[in-house]
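Q: Supplied structure: coords_17.csv, CSV, C-alpha atoms.
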chain,number,residue,atom,x,y,z
I,1,LEU,CA,53.5,149.0,109.5
I,2,MET,CA,53.3,145.2,109.8
I,3,ARG,CA,55.5,144.9,106.6
I,4,ILE,CA,58.2,147.2,108.2
I,5,VAL,CA,58.2,145.2,111.4
I,6,PHE,CA,58.6,142.0,109.4
I,7,ILE,CA,61.5,143.4,107.4
I,8,PHE,CA,63.3,144.5,110.6
I,9,ALA,CA,62.7,141.1,112.3
I,10,THR,CA,64.1,139.3,109.2
I,11,LEU,CA,67.2,141.5,109.2
I,12,ALA,CA,67.8,141.0,112.9
I,13,THR,CA,67.6,137.2,112.4
I,14,LEU,CA,70.0,137.2,109.5
I,15,SER,CA,72.5,139.4,111.3
I,16,SER,CA,72.4,137.1,114.4
I,17,VAL,CA,73.1,134.1,112.2
I,18,VAL,CA,76.0,135.8,110.4
I,19,ALA,CA,77.4,137.1,113.7
I,20,PHE,CA,77.4,133.7,115.4
I,21,ARG,CA,78.4,131.5,112.5
I,22,PRO,CA,82.2,132.0,113.0
I,23,LEU,CA,81.8,131.2,116.7
I,24,SER,CA,79.8,128.0,115.9
I,25,ILE,CA,82.4,126.9,113.4
I,26,PHE,CA,85.1,127.5,115.9
I,27,ARG,CA,83.3,125.5,118.5
I,28,SER,CA,82.8,122.7,116.0
I,29,LEU,CA,86.5,122.6,115.2
I,30,LEU,CA,87.3,122.3,118.9
I,31,HIS,CA,85.1,119.3,119.3
I,32,HIS,CA,85.8,117.7,115.9
I,33,PRO,CA,89.4,117.5,114.6
I,34,ILE,CA,90.2,118.7,111.1
I,35,SER,CA,90.7,115.1,110.1
I,36,SER,CA,87.0,114.3,110.8
I,37,PHE,CA,86.0,116.8,108.1
I,38,SER,CA,88.1,115.0,105.4
I,39,THR,CA,86.7,112.7,102.8
I,40,LYS,CA,86.1,109.1,103.6
I,41,PRO,CA,89.3,107.0,103.7
I,42,LEU,CA,90.0,105.0,100.6
I,43,ALA,CA,88.5,101.5,100.6
I,44,MET,CA,91.9,100.1,99.8
I,45,SER,CA,93.0,101.1,103.2
I,46,ASN,CA,89.8,99.6,104.6
I,47,ILE,CA,90.1,96.2,102.9
I,48,PHE,CA,93.7,95.9,104.3
I,49,SER,CA,93.0,97.4,107.7
I,50,ASP,CA,94.4,95.1,110.4
I,51,VAL,CA,95.9,92.9,107.7
I,52,ASN,CA,99.6,92.0,108.3
I,53,LEU,CA,101.0,92.6,104.9
I,54,ILE,CA,104.6,91.6,104.4
I,55,ARG,CA,107.3,91.7,101.8
I,56,THR,CA,109.3,88.6,100.8
I,57,ASP,CA,111.8,89.1,103.6
I,58,GLY,CA,109.0,89.2,106.2
I,59,THR,CA,109.2,92.9,106.8
I,60,PRO,CA,105.8,94.7,107.1
I,61,SER,CA,104.4,96.7,104.2
I,62,SER,CA,101.8,99.4,104.0
I,63,PRO,CA,98.6,98.8,101.9
I,64,PRO,CA,99.0,99.4,98.1
I,65,SER,CA,97.8,102.6,96.6
I,66,VAL,CA,97.4,101.3,93.0
I,67,PRO,CA,95.1,98.7,91.4
I,68,THR,CA,95.9,95.4,93.1
I,69,ALA,CA,95.5,91.7,92.2
I,70,LEU,CA,94.8,89.3,95.0
I,71,LEU,CA,96.6,86.1,94.0
I,72,PHE,CA,95.3,82.9,95.5
I,73,SER,CA,97.9,80.3,94.9
I,74,SER,CA,100.3,77.8,96.4
I,75,SER,CA,103.7,76.1,95.8
I,76,TRP,CA,102.1,72.6,95.5
I,77,CYS,CA,99.5,73.5,92.9
I,78,PRO,CA,100.6,72.3,89.4
I,79,ASP,CA,98.2,74.7,87.6
I,80,CYS,CA,99.7,77.6,89.5
I,81,VAL,CA,103.2,77.2,88.1
I,82,PRO,CA,102.6,78.4,84.5
I,83,PHE,CA,100.0,81.0,85.7
I,84,VAL,CA,102.3,82.6,88.3
I,85,ALA,CA,105.1,82.7,85.7
I,86,ARG,CA,102.8,84.6,83.3
I,87,LEU,CA,101.6,86.9,86.0
I,88,ALA,CA,105.2,87.6,87.0
I,89,ALA,CA,106.2,88.5,83.4
I,90,MET,CA,103.1,90.7,83.1
I,91,TYR,CA,104.0,92.4,86.4
I,92,GLU,CA,107.5,93.3,85.2
I,93,GLU,CA,106.4,94.6,81.8
I,94,VAL,CA,103.5,96.7,83.0
I,95,ASN,CA,105.4,98.2,85.9
I,96,GLU,CA,108.6,98.7,84.0
I,97,ASP,CA,108.4,102.6,84.0
I,98,GLU,CA,106.1,103.1,86.9
I,99,LYS,CA,104.1,101.1,89.4
I,100,LYS,CA,100.7,100.6,87.8
I,101,PHE,CA,99.5,97.6,89.8
I,102,GLU,CA,100.5,95.5,92.7
I,103,VAL,CA,100.1,91.8,93.6
I,104,VAL,CA,99.2,90.6,97.1
I,105,PHE,CA,99.7,86.8,97.6
I,106,VAL,CA,97.1,84.9,99.6
I,107,SER,CA,98.8,81.6,100.2
I,108,SER,CA,97.3,78.1,100.3
I,109,ASP,CA,100.6,76.6,101.2
I,110,ARG,CA,100.7,74.0,104.0
I,111,SER,CA,103.4,75.8,106.1
I,112,SER,CA,104.9,79.3,106.5
I,113,ASP,CA,108.3,77.9,105.3
I,114,SER,CA,106.7,76.7,102.0
I,115,MET,CA,105.1,80.0,101.5
I,116,SER,CA,108.3,81.9,102.1
I,117,SER,CA,110.3,79.7,99.8
I,118,TYR,CA,107.6,80.0,97.1
I,119,MET,CA,107.6,83.8,97.4
I,120,SER,CA,111.4,84.1,97.2
I,121,SER,CA,111.7,81.8,94.2
I,122,LYS,CA,108.6,82.8,92.1
I,123,HIS,CA,107.6,86.3,93.0
I,124,PRO,CA,110.1,88.2,95.2
I,125,SER,CA,108.7,91.7,94.4
I,126,TRP,CA,105.1,91.0,95.5
I,127,LEU,CA,103.4,91.5,98.8
I,128,ALA,CA,101.6,88.8,100.8
I,129,VAL,CA,99.2,88.3,103.7
I,130,SER,CA,101.3,86.9,106.5
I,131,TYR,CA,100.8,83.1,106.9
I,132,ASP,CA,99.8,83.4,110.5
I,133,ASP,CA,97.3,86.2,109.9
I,134,PRO,CA,93.7,85.0,110.2
I,135,LYS,CA,92.8,87.5,107.4
I,136,ARG,CA,94.6,85.1,105.0
I,137,ASP,CA,91.7,82.6,105.4
I,138,GLY,CA,89.3,85.5,105.7
I,139,PHE,CA,90.1,86.7,102.2
I,140,LYS,CA,89.4,83.2,100.9
I,141,ARG,CA,85.9,83.3,102.5
I,142,MET,CA,85.3,86.8,101.4
I,143,PHE,CA,86.0,86.1,97.7
I,144,GLY,CA,85.1,82.4,97.6
I,145,CYS,CA,88.6,81.4,96.4
I,146,ALA,CA,90.4,78.3,97.8
I,147,ALA,CA,92.0,75.0,96.9
I,148,GLY,CA,89.5,72.2,97.0
I,149,SER,CA,91.5,70.4,99.7
I,150,GLU,CA,91.2,73.4,102.2
I,151,ALA,CA,87.8,74.8,101.3
I,152,SER,CA,85.8,72.9,104.0
I,153,LYS,CA,88.4,73.5,106.7
I,154,VAL,CA,88.7,77.2,105.9
I,155,GLY,CA,84.9,77.6,105.7
I,156,VAL,CA,84.7,78.7,102.0
I,157,ASN,CA,81.1,78.3,101.1
I,158,PRO,CA,80.2,78.8,98.3
I,159,ARG,CA,83.6,78.1,96.6
I,160,LYS,CA,83.5,80.2,93.5
I,161,TYR,CA,87.1,79.6,92.3
I,162,GLY,CA,89.8,77.1,92.9
I,163,ILE,CA,93.5,78.1,92.6
I,164,PRO,CA,95.1,79.8,90.9
I,165,ALA,CA,92.5,82.6,91.3
I,166,LEU,CA,93.0,86.4,90.8
I,167,VAL,CA,90.7,89.0,92.2
I,168,ILE,CA,91.2,92.5,90.8
I,169,LEU,CA,90.7,95.5,93.1
I,170,GLY,CA,90.7,99.1,91.8
I,171,ALA,CA,92.9,101.8,93.4
I,172,ASP,CA,89.8,102.6,95.6
I,173,GLY,CA,89.7,99.0,96.9
I,174,GLU,CA,86.5,98.1,95.1
I,175,VAL,CA,86.3,94.8,93.2
I,176,VAL,CA,86.8,95.5,89.5
I,177,LYS,CA,86.8,91.9,88.4
I,178,GLU,CA,86.1,88.7,90.3
I,179,SER,CA,88.5,86.8,88.2
I,180,GLY,CA,91.4,88.3,86.3
I,181,VAL,CA,92.9,84.9,85.2
I,182,LYS,CA,91.8,85.2,81.6
I,183,GLU,CA,93.5,88.6,81.1
I,184,VAL,CA,96.8,87.3,82.4
I,185,GLU,CA,96.6,84.2,80.2
I,186,GLU,CA,95.8,86.4,77.2
I,187,PHE,CA,98.4,89.1,77.9
I,188,GLN,CA,100.4,89.9,74.8
I,189,GLY,CA,102.9,92.2,76.3
I,190,GLY,CA,103.1,96.0,76.7
I,191,ASP,CA,103.0,98.5,79.6
I,192,GLU,CA,99.2,98.9,79.9
I,193,LEU,CA,96.8,97.1,82.2
I,194,PRO,CA,94.0,95.1,80.6
I,195,GLU,CA,91.0,97.4,79.9
I,196,SER,CA,88.7,95.5,82.2
I,197,TRP,CA,91.1,96.1,85.2
Take the structure from the file and write it as structure tokens.
A:
Amino acid sequence: LMRIVFIFATLATLSSVVAFRPLSIFRSLLHHPISSFSTKPLAMSNIFSDVNLIRTDGTPSSPPSVPTALLFSSSWCPDCVPFVARLAAMYEEVNEDEKKFEVVFVSSDRSSDSMSSYMSSKHPSWLAVSYDDPKRDGFKRMFGCAAGSEASKVGVNPRKYGIPALVILGADGEVVKESGVKEVEEFQGGDELPESW
């Protein structure tokens, strides 16, 4: 008899759960929008959240959705000239058929006019962090990349890399490589990204 009572009690409990589950789900959807049940936003969107990304002409740009190289450079840096030229050539070759990676310029120029001129003449297709955006110096602190003359003022400590510096982010925004300078300097042509990127 006790066994029969237990079975009926179990069935009653299960039926109540099944019966009320749709209602509970409906109530949950009322209080939590569908978007809140989606997967976590890509880190690429997170790393560029609240960052004023611009194109060469100064118009705003949305965050990249492909692997991205953060370029720390300036117009006055002698070592940057050949490196930026090699990176520009690599950018054109790799992206010839489809966009496989993007470059976001983090300037160490001494004025917004110098930065704009540098972008227009050396890398007109790339994106940049706006000169007046505090995140420009924030990225320098985050990744430890800065010119020696600005490191102290910007608060880069420790300073891991001078300029030019190149931090490689995957399409998910995670750091793939702290320094991608070597791969650019050793690039032999082709339409494929370096394996380590």
Q: Extract, using all atoms listed in the file, all DNA, RNA and protein residues at most 10 Å from Ile163 (chain I), discarding same-chain residues fewer than 6 positions from it, and format them as a PyMOL selection string.
A: chain I and resi 71-74+77-80+83+107-108+145-148
Q: Given only C-alpha atoms as the basis, pick out the residue of I:Asn52, I:Val94, I:Leu169, I:Phe139 nearest to Val156 (chain I).
A: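 Answer, going by the shortest atom-to-atom distance: I:Phe139.
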Q: Would you please work out which residue, of I:Ala151, I:Val175, I:Met115, I:Met142, is nearest to Ala128 (chain I) when using all atoms listed in the file?
A: I:Met115
Q: Let me make sure I understand: among I:Gly173, I:Val167, I:Arg159, I:Ser130, which one has the smallest atom-to-atom distance to Leu53 (chain I) if we use all atoms listed in the file?
A: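 Going through I:Gly173, I:Val167, I:Arg159, I:Ser130 one by one, the smallest distance to Leu53 (chain I) is for I:Ser130.
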Q: Could you list, as a list in words, every residue within 12 Å of Glu178 (chain I), counting all atoms listed in the file and ignoring same-chain residues fewer than 6 positions away?
A: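 With the cut-off at 12 Å, the set is Ala69, Leu70, Leu71, Met142, Phe143, Gly144, Cys145, Lys160, Tyr161, Ala165, Leu166, Val167, Ile168, Leu169, Gly170, Ser196 and Trp197 of chain I.
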Q: For Val103 (chain I), which residue among I:Arg141, I:Arg55, I:Lys153, I:Lys135 is the nearest when counting only C-alpha atoms?
A: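 Counting only C-alpha atoms, the residue closest to Val103 (chain I) is I:Arg55.
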Q: Separation of CA of Ser111 (chain I) and CA of Asn46 (chain I), in Å?
A: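 That distance, rounded to one decimal, is 27.5 Å.
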Q: Would you mind reading off the distance between CA of Ile54 (chain I) and CA of Phe105 (chain I), one decimal, in Å?
A: 9.7 Å
Q: Counting only C-alpha atoms, figure out which residue out of I:Ser179, I:Ser75, I:Thr68, I:Ser149 gets nearest to His123 (chain I).
A: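 Once distances to His123 (chain I) are computed over only C-alpha atoms, the minimum belongs to I:Ser75.
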Q: May I ask for the distance between CA of Glu98 (chain I) and CA of Gly190 (chain I), given in Å to one decimal place?
A: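 Atom-to-atom, CA of Glu98 (chain I) and CA of Gly190 (chain I) are spaced 12.8 Å apart.
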Q: Neighbours of Glu92 (chain I) within 10 Å (all atoms listed in the file; same-chain residues fewer than 5 positions away dropped), as a ChimeraX atom specification?
A: /I:87,97,99,125,190-191
Q: Between I:Gly162, I:Trp126, I:Pro67, I:Trp76, which one has atoms that come closest to Ser114 (chain I), using all atoms listed in the file?
A: I:Trp76
